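Have a look at my_file_15.txt below; it lists compact mmCIF, N, CA, C and O atoms.
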```
# COMPACT_ATOMS: atom_id res chain seq x y z
N MET A 1 -68.18 86.98 115.49
CA MET A 1 -68.44 85.59 115.20
C MET A 1 -67.11 84.86 115.14
O MET A 1 -66.09 85.44 114.86
N GLY A 2 -67.20 83.59 115.36
CA GLY A 2 -66.01 82.78 115.23
C GLY A 2 -66.04 81.59 116.14
O GLY A 2 -66.90 81.47 117.01
N SER A 3 -65.11 80.71 115.90
CA SER A 3 -65.02 79.54 116.77
C SER A 3 -63.56 79.22 117.03
O SER A 3 -62.69 79.56 116.24
N LEU A 4 -63.37 78.57 118.13
CA LEU A 4 -62.05 78.11 118.54
C LEU A 4 -62.12 76.59 118.55
O LEU A 4 -62.80 76.01 119.41
N GLN A 5 -61.51 75.97 117.57
CA GLN A 5 -61.54 74.52 117.49
C GLN A 5 -60.37 73.95 118.29
O GLN A 5 -59.24 74.42 118.17
N PHE A 6 -60.65 72.96 119.12
CA PHE A 6 -59.64 72.35 119.96
C PHE A 6 -58.89 71.26 119.19
O PHE A 6 -59.49 70.47 118.47
N HIS A 7 -57.58 71.24 119.36
CA HIS A 7 -56.72 70.28 118.67
C HIS A 7 -56.97 68.87 119.20
O HIS A 7 -57.23 68.65 120.37
N SER A 8 -56.84 67.92 118.30
CA SER A 8 -56.97 66.51 118.67
C SER A 8 -56.06 65.69 117.76
O SER A 8 -55.79 66.08 116.62
N SER A 9 -55.61 64.57 118.25
CA SER A 9 -54.81 63.67 117.42
C SER A 9 -55.70 62.79 116.54
O SER A 9 -55.20 62.09 115.66
N LYS A 10 -57.01 62.83 116.76
CA LYS A 10 -57.95 62.05 115.95
C LYS A 10 -58.15 62.74 114.60
O LYS A 10 -58.45 63.94 114.56
N PRO A 11 -58.02 62.01 113.51
CA PRO A 11 -58.23 62.62 112.19
C PRO A 11 -59.72 62.77 111.87
O PRO A 11 -60.56 62.01 112.37
N ASP A 12 -60.04 63.76 111.05
CA ASP A 12 -61.39 63.92 110.50
C ASP A 12 -62.50 63.99 111.53
O ASP A 12 -63.55 63.36 111.38
N ARG A 13 -62.26 64.73 112.60
CA ARG A 13 -63.32 64.88 113.61
C ARG A 13 -64.46 65.69 113.04
O ARG A 13 -64.27 66.55 112.19
N GLU A 14 -65.66 65.45 113.57
CA GLU A 14 -66.84 66.18 113.14
C GLU A 14 -67.65 66.58 114.36
O GLU A 14 -67.61 65.93 115.40
N TYR A 15 -68.42 67.66 114.17
CA TYR A 15 -69.36 68.10 115.21
C TYR A 15 -70.30 66.95 115.55
O TYR A 15 -70.81 66.26 114.68
N GLY A 16 -70.53 66.79 116.85
CA GLY A 16 -71.45 65.76 117.32
C GLY A 16 -72.68 66.35 117.98
O GLY A 16 -73.82 66.07 117.58
N ARG A 17 -72.47 67.22 118.99
CA ARG A 17 -73.60 67.83 119.69
C ARG A 17 -73.11 69.03 120.50
O ARG A 17 -71.93 69.18 120.73
N THR A 18 -74.07 69.84 120.92
CA THR A 18 -73.78 70.98 121.78
C THR A 18 -73.92 70.55 123.23
O THR A 18 -74.98 70.05 123.63
N LEU A 19 -72.88 70.74 124.00
CA LEU A 19 -72.90 70.38 125.42
C LEU A 19 -73.60 71.46 126.24
O LEU A 19 -74.42 71.17 127.10
N SER A 20 -73.28 72.71 125.93
CA SER A 20 -73.83 73.82 126.71
C SER A 20 -73.82 75.08 125.85
O SER A 20 -72.96 75.24 125.00
N GLU A 21 -74.80 75.95 126.11
CA GLU A 21 -74.80 77.23 125.40
C GLU A 21 -75.33 78.32 126.32
O GLU A 21 -76.00 78.05 127.31
N GLY A 22 -74.98 79.54 125.99
CA GLY A 22 -75.42 80.69 126.77
C GLY A 22 -75.37 81.94 125.92
O GLY A 22 -74.95 81.92 124.76
N TRP A 23 -75.83 83.03 126.51
CA TRP A 23 -75.91 84.32 125.83
C TRP A 23 -75.31 85.41 126.70
O TRP A 23 -75.39 85.35 127.93
N PHE A 24 -74.71 86.41 126.06
CA PHE A 24 -74.26 87.60 126.78
C PHE A 24 -74.37 88.78 125.83
O PHE A 24 -74.53 88.62 124.62
N LYS A 25 -74.30 89.99 126.38
CA LYS A 25 -74.30 91.19 125.55
C LYS A 25 -72.87 91.64 125.33
O LYS A 25 -72.07 91.73 126.26
N ASP A 26 -72.56 91.93 124.06
CA ASP A 26 -71.24 92.44 123.71
C ASP A 26 -71.13 93.88 124.20
O ASP A 26 -72.11 94.49 124.64
N SER A 27 -69.95 94.46 124.09
CA SER A 27 -69.74 95.82 124.58
C SER A 27 -70.59 96.85 123.82
O SER A 27 -70.81 97.95 124.31
N ASP A 28 -71.08 96.48 122.63
CA ASP A 28 -71.97 97.37 121.87
C ASP A 28 -73.44 97.04 122.10
O ASP A 28 -74.31 97.50 121.39
N ASN A 29 -73.71 96.20 123.10
CA ASN A 29 -75.06 95.84 123.54
C ASN A 29 -75.78 94.86 122.60
O ASN A 29 -76.97 94.65 122.72
N ILE A 30 -75.07 94.25 121.66
CA ILE A 30 -75.65 93.28 120.75
C ILE A 30 -75.50 91.88 121.36
O ILE A 30 -74.42 91.52 121.84
N PRO A 31 -76.58 91.06 121.37
CA PRO A 31 -76.51 89.72 121.95
C PRO A 31 -75.55 88.80 121.18
O PRO A 31 -75.46 88.84 119.95
N VAL A 32 -74.85 87.97 121.96
CA VAL A 32 -73.92 86.98 121.42
C VAL A 32 -74.28 85.63 122.03
O VAL A 32 -74.49 85.52 123.23
N GLN A 33 -74.35 84.61 121.17
CA GLN A 33 -74.54 83.24 121.66
C GLN A 33 -73.18 82.56 121.70
O GLN A 33 -72.38 82.71 120.76
N VAL A 34 -72.91 81.83 122.76
CA VAL A 34 -71.70 81.02 122.85
C VAL A 34 -72.12 79.58 123.10
O VAL A 34 -73.11 79.33 123.79
N ALA A 35 -71.38 78.66 122.52
CA ALA A 35 -71.71 77.24 122.68
C ALA A 35 -70.42 76.43 122.79
O ALA A 35 -69.44 76.69 122.09
N LEU A 36 -70.45 75.45 123.67
CA LEU A 36 -69.36 74.48 123.79
C LEU A 36 -69.84 73.21 123.10
O LEU A 36 -70.83 72.60 123.51
N ASN A 37 -69.15 72.86 122.02
CA ASN A 37 -69.56 71.73 121.20
C ASN A 37 -68.63 70.55 121.36
O ASN A 37 -67.41 70.71 121.57
N LEU A 38 -69.21 69.36 121.25
CA LEU A 38 -68.46 68.10 121.33
C LEU A 38 -68.42 67.46 119.95
O LEU A 38 -69.28 67.73 119.10
N ASP A 39 -67.43 66.59 119.74
CA ASP A 39 -67.38 65.85 118.48
C ASP A 39 -68.24 64.58 118.60
O ASP A 39 -68.93 64.37 119.61
N THR A 40 -68.20 63.75 117.59
CA THR A 40 -69.04 62.55 117.58
C THR A 40 -68.61 61.51 118.61
O THR A 40 -69.36 60.58 118.90
N ASP A 41 -67.42 61.68 119.21
CA ASP A 41 -66.96 60.80 120.29
C ASP A 41 -67.15 61.45 121.66
O ASP A 41 -66.62 60.96 122.65
N ASP A 42 -67.88 62.57 121.71
CA ASP A 42 -68.13 63.33 122.94
C ASP A 42 -66.87 63.93 123.55
O ASP A 42 -66.80 64.17 124.76
N ASP A 43 -65.86 64.21 122.73
CA ASP A 43 -64.69 64.95 123.17
C ASP A 43 -64.92 66.43 122.82
O ASP A 43 -65.62 66.74 121.86
N VAL A 44 -64.30 67.32 123.60
CA VAL A 44 -64.46 68.76 123.34
C VAL A 44 -64.00 69.05 121.91
O VAL A 44 -62.89 68.66 121.51
N TYR A 45 -64.83 69.73 121.16
CA TYR A 45 -64.57 69.99 119.74
C TYR A 45 -64.29 71.46 119.47
O TYR A 45 -63.29 71.80 118.87
N GLU A 46 -65.21 72.35 119.92
CA GLU A 46 -64.99 73.78 119.66
C GLU A 46 -65.80 74.63 120.63
O GLU A 46 -66.81 74.19 121.19
N LEU A 47 -65.32 75.85 120.81
CA LEU A 47 -66.06 76.90 121.49
C LEU A 47 -66.49 77.85 120.39
O LEU A 47 -65.65 78.45 119.71
N ASP A 48 -67.79 77.95 120.17
CA ASP A 48 -68.33 78.72 119.06
C ASP A 48 -69.04 79.95 119.60
O ASP A 48 -69.65 79.91 120.67
N SER A 49 -68.97 81.05 118.86
CA SER A 49 -69.72 82.25 119.23
C SER A 49 -70.34 82.84 117.98
O SER A 49 -69.77 82.75 116.89
N TRP A 50 -71.51 83.43 118.16
CA TRP A 50 -72.28 83.96 117.04
C TRP A 50 -73.01 85.22 117.50
O TRP A 50 -73.79 85.20 118.44
N LYS A 51 -72.71 86.33 116.88
CA LYS A 51 -73.33 87.60 117.21
C LYS A 51 -74.55 87.78 116.30
O LYS A 51 -74.46 87.59 115.09
N VAL A 52 -75.69 88.14 116.88
CA VAL A 52 -76.95 88.09 116.13
C VAL A 52 -77.00 89.02 114.93
O VAL A 52 -77.76 88.78 114.00
N ASP A 53 -76.18 90.06 114.89
CA ASP A 53 -76.17 90.94 113.72
C ASP A 53 -74.99 90.61 112.78
O ASP A 53 -74.72 91.34 111.84
N PHE A 54 -74.30 89.51 113.04
CA PHE A 54 -73.18 89.02 112.24
C PHE A 54 -71.95 89.93 112.26
O PHE A 54 -71.03 89.73 111.48
N SER A 55 -71.93 90.92 113.12
CA SER A 55 -70.75 91.77 113.23
C SER A 55 -69.68 91.06 114.07
O SER A 55 -69.95 90.02 114.67
N ALA A 56 -68.51 91.61 114.11
CA ALA A 56 -67.40 91.02 114.87
C ALA A 56 -67.67 91.14 116.37
O ALA A 56 -68.10 92.17 116.85
N ARG A 57 -67.38 90.05 117.07
CA ARG A 57 -67.49 90.07 118.53
C ARG A 57 -66.37 90.93 119.08
O ARG A 57 -65.23 90.88 118.61
N ARG A 58 -66.67 91.76 120.07
CA ARG A 58 -65.68 92.68 120.63
C ARG A 58 -65.04 92.16 121.91
O ARG A 58 -63.97 92.61 122.30
N ARG A 59 -65.74 91.27 122.60
CA ARG A 59 -65.20 90.77 123.87
C ARG A 59 -65.80 89.41 124.19
O ARG A 59 -66.78 88.99 123.56
N LEU A 60 -65.24 88.75 125.16
CA LEU A 60 -65.83 87.56 125.76
C LEU A 60 -66.33 87.95 127.14
O LEU A 60 -65.87 88.95 127.71
N PRO A 61 -67.25 87.21 127.70
CA PRO A 61 -67.73 87.55 129.05
C PRO A 61 -66.58 87.51 130.06
O PRO A 61 -65.69 86.67 129.97
N SER A 62 -66.63 88.42 131.01
CA SER A 62 -65.56 88.46 132.01
C SER A 62 -65.86 87.61 133.24
O SER A 62 -64.95 87.20 133.94
N THR A 63 -67.14 87.34 133.49
CA THR A 63 -67.52 86.47 134.61
C THR A 63 -68.69 85.60 134.17
O THR A 63 -69.39 85.92 133.20
N LYS A 64 -68.94 84.53 134.91
CA LYS A 64 -70.07 83.67 134.56
C LYS A 64 -71.40 84.38 134.79
O LYS A 64 -72.41 84.03 134.19
N ALA A 65 -71.41 85.43 135.60
CA ALA A 65 -72.63 86.21 135.82
C ALA A 65 -73.06 86.97 134.56
O ALA A 65 -74.22 87.35 134.43
N ASP A 66 -72.13 87.17 133.63
CA ASP A 66 -72.44 87.85 132.36
C ASP A 66 -73.28 86.97 131.43
O ASP A 66 -73.89 87.46 130.49
N ILE A 67 -73.28 85.65 131.65
CA ILE A 67 -73.92 84.71 130.74
C ILE A 67 -75.28 84.28 131.29
O ILE A 67 -75.40 83.93 132.46
N VAL A 68 -76.28 84.29 130.41
CA VAL A 68 -77.63 83.83 130.76
C VAL A 68 -77.99 82.69 129.82
O VAL A 68 -77.43 82.54 128.73
N SER A 69 -78.97 81.87 130.22
CA SER A 69 -79.35 80.72 129.41
C SER A 69 -80.43 81.07 128.38
O SER A 69 -80.58 80.38 127.38
N ASP A 70 -81.17 82.12 128.63
CA ASP A 70 -82.27 82.53 127.74
C ASP A 70 -82.00 83.92 127.21
O ASP A 70 -81.84 84.85 127.99
N PRO A 71 -81.95 84.12 125.89
CA PRO A 71 -81.66 85.45 125.36
C PRO A 71 -82.68 86.51 125.78
O PRO A 71 -82.36 87.69 125.80
N ALA A 72 -83.89 86.10 126.15
CA ALA A 72 -84.89 87.03 126.63
C ALA A 72 -84.45 87.73 127.93
O ALA A 72 -84.90 88.83 128.24
N GLU A 73 -83.55 87.08 128.67
CA GLU A 73 -83.03 87.63 129.92
C GLU A 73 -82.09 88.81 129.69
O GLU A 73 -81.72 89.51 130.62
N LEU A 74 -81.67 89.02 128.44
CA LEU A 74 -80.74 90.10 128.13
C LEU A 74 -81.44 91.44 128.00
O LEU A 74 -80.78 92.47 127.98
N ALA A 75 -82.74 91.43 127.88
CA ALA A 75 -83.49 92.69 127.65
C ALA A 75 -83.39 93.63 128.82
O ALA A 75 -83.08 93.36 129.90
```
For this file, produce the structure as structure tokens.
Amino acid sequence: MGSLQFHSSKPDREYGRTLSEGWFKDSDNIPVQVALNLDTDDDVYELDSWKVDFSARRRLPSTKADIVSDPAELA
């Protein structure tokens, strides 16, 4: 789990909306959700990831083919 928040010169930025999200399987076969989030001004805010069992993420996807839009596709 974790997020990478992008630096901005704007003070007090807040989450606005999710631009895009996807799913991939970690190296231990546990599903991970990733999301690219924007702030309230629609500027890139953070890249967030969340592993469904709350354990530490072991890797990021190596290609876009690793990511699916529906977690049911991971089965």
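For region 21-37 of chain A, the residues within 8 Å (counting only C-alpha atoms, excluding itself and residues fewer than 3 positions away along the chain) are Tyr15, Gly16, Arg17, Thr18, Val44, Tyr45, Glu46, Leu47, Asp48, Ser49, Trp50, Lys51, Val52, Asp53, Arg57, Arg58, Arg59, Leu60, Pro61, Asp66, Ile67, Val68, Ser69, Asp70, Pro71 and Leu74 of chain A.
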Inset, instruction - Using DSSP on the backbone, list every residue of chain A that comes out as strand (DSSP E), and give them as a PyMOL selection string. - result: chain A and resi 2-5+15-25+31-39+44-51
For N, CA, C and O atoms, I'd like the residues from the last selection saved as a tab-separated table (two decimals), keeping the file's coordinate frame.
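Once written, out_24.tsv looks like this:
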```tsv
chain	number	residue	atom	x	y	z
A	2	GLY	N	-67.20	83.59	115.36
A	2	GLY	CA	-66.01	82.78	115.23
A	2	GLY	C	-66.04	81.59	116.14
A	2	GLY	O	-66.90	81.47	117.01
A	3	SER	N	-65.11	80.71	115.90
A	3	SER	CA	-65.02	79.54	116.77
A	3	SER	C	-63.56	79.22	117.03
A	3	SER	O	-62.69	79.56	116.24
A	4	LEU	N	-63.37	78.57	118.13
A	4	LEU	CA	-62.05	78.11	118.54
A	4	LEU	C	-62.12	76.59	118.55
A	4	LEU	O	-62.80	76.01	119.41
A	5	GLN	N	-61.51	75.97	117.57
A	5	GLN	CA	-61.54	74.52	117.49
A	5	GLN	C	-60.37	73.95	118.29
A	5	GLN	O	-59.24	74.42	118.17
A	15	TYR	N	-68.42	67.66	114.17
A	15	TYR	CA	-69.36	68.10	115.21
A	15	TYR	C	-70.30	66.95	115.55
A	15	TYR	O	-70.81	66.26	114.68
A	16	GLY	N	-70.53	66.79	116.85
A	16	GLY	CA	-71.45	65.76	117.32
A	16	GLY	C	-72.68	66.35	117.98
A	16	GLY	O	-73.82	66.07	117.58
A	17	ARG	N	-72.47	67.22	118.99
A	17	ARG	CA	-73.60	67.83	119.69
A	17	ARG	C	-73.11	69.03	120.50
A	17	ARG	O	-71.93	69.18	120.73
A	18	THR	N	-74.07	69.84	120.92
A	18	THR	CA	-73.78	70.98	121.78
A	18	THR	C	-73.92	70.55	123.23
A	18	THR	O	-74.98	70.05	123.63
A	19	LEU	N	-72.88	70.74	124.00
A	19	LEU	CA	-72.90	70.38	125.42
A	19	LEU	C	-73.60	71.46	126.24
A	19	LEU	O	-74.42	71.17	127.10
A	20	SER	N	-73.28	72.71	125.93
A	20	SER	CA	-73.83	73.82	126.71
A	20	SER	C	-73.82	75.08	125.85
A	20	SER	O	-72.96	75.24	125.00
A	21	GLU	N	-74.80	75.95	126.11
A	21	GLU	CA	-74.80	77.23	125.40
A	21	GLU	C	-75.33	78.32	126.32
A	21	GLU	O	-76.00	78.05	127.31
A	22	GLY	N	-74.98	79.54	125.99
A	22	GLY	CA	-75.42	80.69	126.77
A	22	GLY	C	-75.37	81.94	125.92
A	22	GLY	O	-74.95	81.92	124.76
A	23	TRP	N	-75.83	83.03	126.51
A	23	TRP	CA	-75.91	84.32	125.83
A	23	TRP	C	-75.31	85.41	126.70
A	23	TRP	O	-75.39	85.35	127.93
A	24	PHE	N	-74.71	86.41	126.06
A	24	PHE	CA	-74.26	87.60	126.78
A	24	PHE	C	-74.37	88.78	125.83
A	24	PHE	O	-74.53	88.62	124.62
A	25	LYS	N	-74.30	89.99	126.38
A	25	LYS	CA	-74.30	91.19	125.55
A	25	LYS	C	-72.87	91.64	125.33
A	25	LYS	O	-72.07	91.73	126.26
A	31	PRO	N	-76.58	91.06	121.37
A	31	PRO	CA	-76.51	89.72	121.95
A	31	PRO	C	-75.55	88.80	121.18
A	31	PRO	O	-75.46	88.84	119.95
A	32	VAL	N	-74.85	87.97	121.96
A	32	VAL	CA	-73.92	86.98	121.42
A	32	VAL	C	-74.28	85.63	122.03
A	32	VAL	O	-74.49	85.52	123.23
A	33	GLN	N	-74.35	84.61	121.17
A	33	GLN	CA	-74.54	83.24	121.66
A	33	GLN	C	-73.18	82.56	121.70
A	33	GLN	O	-72.38	82.71	120.76
A	34	VAL	N	-72.91	81.83	122.76
A	34	VAL	CA	-71.70	81.02	122.85
A	34	VAL	C	-72.12	79.58	123.10
A	34	VAL	O	-73.11	79.33	123.79
A	35	ALA	N	-71.38	78.66	122.52
A	35	ALA	CA	-71.71	77.24	122.68
A	35	ALA	C	-70.42	76.43	122.79
A	35	ALA	O	-69.44	76.69	122.09
A	36	LEU	N	-70.45	75.45	123.67
A	36	LEU	CA	-69.36	74.48	123.79
A	36	LEU	C	-69.84	73.21	123.10
A	36	LEU	O	-70.83	72.60	123.51
A	37	ASN	N	-69.15	72.86	122.02
A	37	ASN	CA	-69.56	71.73	121.20
A	37	ASN	C	-68.63	70.55	121.36
A	37	ASN	O	-67.41	70.71	121.57
A	38	LEU	N	-69.21	69.36	121.25
A	38	LEU	CA	-68.46	68.10	121.33
A	38	LEU	C	-68.42	67.46	119.95
A	38	LEU	O	-69.28	67.73	119.10
A	39	ASP	N	-67.43	66.59	119.74
A	39	ASP	CA	-67.38	65.85	118.48
A	39	ASP	C	-68.24	64.58	118.60
A	39	ASP	O	-68.93	64.37	119.61
A	44	VAL	N	-64.30	67.32	123.60
A	44	VAL	CA	-64.46	68.76	123.34
A	44	VAL	C	-64.00	69.05	121.91
A	44	VAL	O	-62.89	68.66	121.51
A	45	TYR	N	-64.83	69.73	121.16
A	45	TYR	CA	-64.57	69.99	119.74
A	45	TYR	C	-64.29	71.46	119.47
A	45	TYR	O	-63.29	71.80	118.87
A	46	GLU	N	-65.21	72.35	119.92
A	46	GLU	CA	-64.99	73.78	119.66
A	46	GLU	C	-65.80	74.63	120.63
A	46	GLU	O	-66.81	74.19	121.19
A	47	LEU	N	-65.32	75.85	120.81
A	47	LEU	CA	-66.06	76.90	121.49
A	47	LEU	C	-66.49	77.85	120.39
A	47	LEU	O	-65.65	78.45	119.71
A	48	ASP	N	-67.79	77.95	120.17
A	48	ASP	CA	-68.33	78.72	119.06
A	48	ASP	C	-69.04	79.95	119.60
A	48	ASP	O	-69.65	79.91	120.67
A	49	SER	N	-68.97	81.05	118.86
A	49	SER	CA	-69.72	82.25	119.23
A	49	SER	C	-70.34	82.84	117.98
A	49	SER	O	-69.77	82.75	116.89
A	50	TRP	N	-71.51	83.43	118.16
A	50	TRP	CA	-72.28	83.96	117.04
A	50	TRP	C	-73.01	85.22	117.50
A	50	TRP	O	-73.79	85.20	118.44
A	51	LYS	N	-72.71	86.33	116.88
A	51	LYS	CA	-73.33	87.60	117.21
A	51	LYS	C	-74.55	87.78	116.30
A	51	LYS	O	-74.46	87.59	115.09
```
So that all listed atoms of region 45-52 of chain A fit with 5 Å spare on each side, what axis-aligned box centre and edge lengths in Å, to one decimal, would you give as JSON?
```
{"center_x": -70.5, "center_y": 79.4, "center_z": 117.7, "size_x": 24.5, "size_y": 29.3, "size_z": 17.5}
```
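Between CA of Glu14 (chain A) and atom C of Asp43 (chain A) lies a distance of 9.9 Å.
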Inset, instruction - Report the distance between CA of Ser62 (chain A) and atom C of Phe6 (chain A) in Å, rounded to one decimal place. - result: 22.5 Å
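The closest residue to Leu38 (chain A), picked from A:Leu19, A:Asp12, A:Thr63, A:Phe54 and counting only N, CA, C and O atoms, is A:Leu19.
Of all the residues in chain A, the ones DSSP labels as helix (DSSP H, G or I) from the backbone are A:Lys64, A:Ala65, A:Asp66, A:Pro71, A:Ala72, A:Glu73, A:Leu74.
The two atoms in question, atom O of Ser8 (chain A) and atom N of Ser20 (chain A), are spaced 20.9 Å apart.
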My structure is short of atoms at region 55-64 of chain A; please model all heavy atoms there, returning them as a PDB file, in the coordinates of the input.
```pdb
ATOM      1  N   SER A  55     -71.930  90.920 113.120  1.00  0.00           N
ATOM      2  CA  SER A  55     -70.750  91.770 113.230  1.00  0.00           C
ATOM      3  C   SER A  55     -69.680  91.060 114.070  1.00  0.00           C
ATOM      4  O   SER A  55     -69.950  90.020 114.670  1.00  0.00           O
ATOM      5  CB  SER A  55     -71.100  93.126 113.852  1.00  0.00           C
ATOM      6  OG  SER A  55     -71.543  92.971 115.183  1.00  0.00           O
ATOM      7  N   ALA A  56     -68.510  91.610 114.110  1.00  0.00           N
ATOM      8  CA  ALA A  56     -67.400  91.020 114.870  1.00  0.00           C
ATOM      9  C   ALA A  56     -67.670  91.140 116.370  1.00  0.00           C
ATOM     10  O   ALA A  56     -68.100  92.170 116.850  1.00  0.00           O
ATOM     11  CB  ALA A  56     -66.096  91.709 114.518  1.00  0.00           C
ATOM     12  N   ARG A  57     -67.380  90.050 117.070  1.00  0.00           N
ATOM     13  CA  ARG A  57     -67.490  90.070 118.530  1.00  0.00           C
ATOM     14  C   ARG A  57     -66.370  90.930 119.080  1.00  0.00           C
ATOM     15  O   ARG A  57     -65.230  90.880 118.610  1.00  0.00           O
ATOM     16  CB  ARG A  57     -67.370  88.630 119.057  1.00  0.00           C
ATOM     17  CG  ARG A  57     -67.702  88.510 120.546  1.00  0.00           C
ATOM     18  CD  ARG A  57     -67.312  87.140 121.081  1.00  0.00           C
ATOM     19  NE  ARG A  57     -65.871  86.997 120.991  1.00  0.00           N
ATOM     20  CZ  ARG A  57     -65.252  86.053 120.299  1.00  0.00           C
ATOM     21  NH1 ARG A  57     -65.912  85.154 119.638  1.00  0.00           N
ATOM     22  NH2 ARG A  57     -63.927  86.020 120.262  1.00  0.00           N
ATOM     23  N   ARG A  58     -66.670  91.760 120.070  1.00  0.00           N
ATOM     24  CA  ARG A  58     -65.680  92.680 120.630  1.00  0.00           C
ATOM     25  C   ARG A  58     -65.040  92.160 121.910  1.00  0.00           C
ATOM     26  O   ARG A  58     -63.970  92.610 122.300  1.00  0.00           O
ATOM     27  CB  ARG A  58     -66.343  94.030 120.923  1.00  0.00           C
ATOM     28  CG  ARG A  58     -66.842  94.709 119.675  1.00  0.00           C
ATOM     29  CD  ARG A  58     -67.505  96.007 120.015  1.00  0.00           C
ATOM     30  NE  ARG A  58     -67.987  96.677 118.813  1.00  0.00           N
ATOM     31  CZ  ARG A  58     -68.436  97.914 118.803  1.00  0.00           C
ATOM     32  NH1 ARG A  58     -68.472  98.616 119.916  1.00  0.00           N
ATOM     33  NH2 ARG A  58     -68.862  98.438 117.687  1.00  0.00           N
ATOM     34  N   ARG A  59     -65.740  91.270 122.600  1.00  0.00           N
ATOM     35  CA  ARG A  59     -65.200  90.770 123.870  1.00  0.00           C
ATOM     36  C   ARG A  59     -65.800  89.410 124.190  1.00  0.00           C
ATOM     37  O   ARG A  59     -66.780  88.990 123.560  1.00  0.00           O
ATOM     38  CB  ARG A  59     -65.523  91.726 125.021  1.00  0.00           C
ATOM     39  CG  ARG A  59     -67.005  91.747 125.392  1.00  0.00           C
ATOM     40  CD  ARG A  59     -67.299  92.625 126.608  1.00  0.00           C
ATOM     41  NE  ARG A  59     -68.678  92.460 127.024  1.00  0.00           N
ATOM     42  CZ  ARG A  59     -69.096  91.649 127.989  1.00  0.00           C
ATOM     43  NH1 ARG A  59     -68.232  90.910 128.655  1.00  0.00           N
ATOM     44  NH2 ARG A  59     -70.374  91.571 128.308  1.00  0.00           N
ATOM     45  N   LEU A  60     -65.240  88.750 125.160  1.00  0.00           N
ATOM     46  CA  LEU A  60     -65.830  87.560 125.760  1.00  0.00           C
ATOM     47  C   LEU A  60     -66.330  87.950 127.140  1.00  0.00           C
ATOM     48  O   LEU A  60     -65.870  88.950 127.710  1.00  0.00           O
ATOM     49  CB  LEU A  60     -64.796  86.434 125.860  1.00  0.00           C
ATOM     50  CG  LEU A  60     -64.419  85.784 124.539  1.00  0.00           C
ATOM     51  CD1 LEU A  60     -63.241  84.830 124.742  1.00  0.00           C
ATOM     52  CD2 LEU A  60     -65.604  85.041 123.943  1.00  0.00           C
ATOM     53  N   PRO A  61     -67.250  87.210 127.700  1.00  0.00           N
ATOM     54  CA  PRO A  61     -67.730  87.550 129.050  1.00  0.00           C
ATOM     55  C   PRO A  61     -66.580  87.510 130.060  1.00  0.00           C
ATOM     56  O   PRO A  61     -65.690  86.670 129.970  1.00  0.00           O
ATOM     57  CB  PRO A  61     -68.764  86.475 129.360  1.00  0.00           C
ATOM     58  CG  PRO A  61     -68.859  85.611 128.179  1.00  0.00           C
ATOM     59  CD  PRO A  61     -67.871  86.027 127.167  1.00  0.00           C
ATOM     60  N   SER A  62     -66.630  88.420 131.010  1.00  0.00           N
ATOM     61  CA  SER A  62     -65.560  88.460 132.010  1.00  0.00           C
ATOM     62  C   SER A  62     -65.860  87.610 133.240  1.00  0.00           C
ATOM     63  O   SER A  62     -64.950  87.200 133.940  1.00  0.00           O
ATOM     64  CB  SER A  62     -65.275  89.910 132.425  1.00  0.00           C
ATOM     65  OG  SER A  62     -66.440  90.518 132.908  1.00  0.00           O
ATOM     66  N   THR A  63     -67.140  87.340 133.490  1.00  0.00           N
ATOM     67  CA  THR A  63     -67.520  86.470 134.610  1.00  0.00           C
ATOM     68  C   THR A  63     -68.690  85.600 134.170  1.00  0.00           C
ATOM     69  O   THR A  63     -69.390  85.920 133.200  1.00  0.00           O
ATOM     70  CB  THR A  63     -67.959  87.262 135.860  1.00  0.00           C
ATOM     71  OG1 THR A  63     -69.211  87.888 135.594  1.00  0.00           O
ATOM     72  CG2 THR A  63     -66.921  88.288 136.262  1.00  0.00           C
ATOM     73  N   LYS A  64     -68.940  84.530 134.910  1.00  0.00           N
ATOM     74  CA  LYS A  64     -70.070  83.670 134.560  1.00  0.00           C
ATOM     75  C   LYS A  64     -71.400  84.380 134.790  1.00  0.00           C
ATOM     76  O   LYS A  64     -72.410  84.030 134.190  1.00  0.00           O
ATOM     77  CB  LYS A  64     -70.020  82.342 135.319  1.00  0.00           C
ATOM     78  CG  LYS A  64     -70.151  82.448 136.807  1.00  0.00           C
ATOM     79  CD  LYS A  64     -70.046  81.074 137.435  1.00  0.00           C
ATOM     80  CE  LYS A  64     -70.161  81.151 138.932  1.00  0.00           C
ATOM     81  NZ  LYS A  64     -70.076  79.831 139.544  1.00  0.00           N
TER      82      LYS A  64
END
```
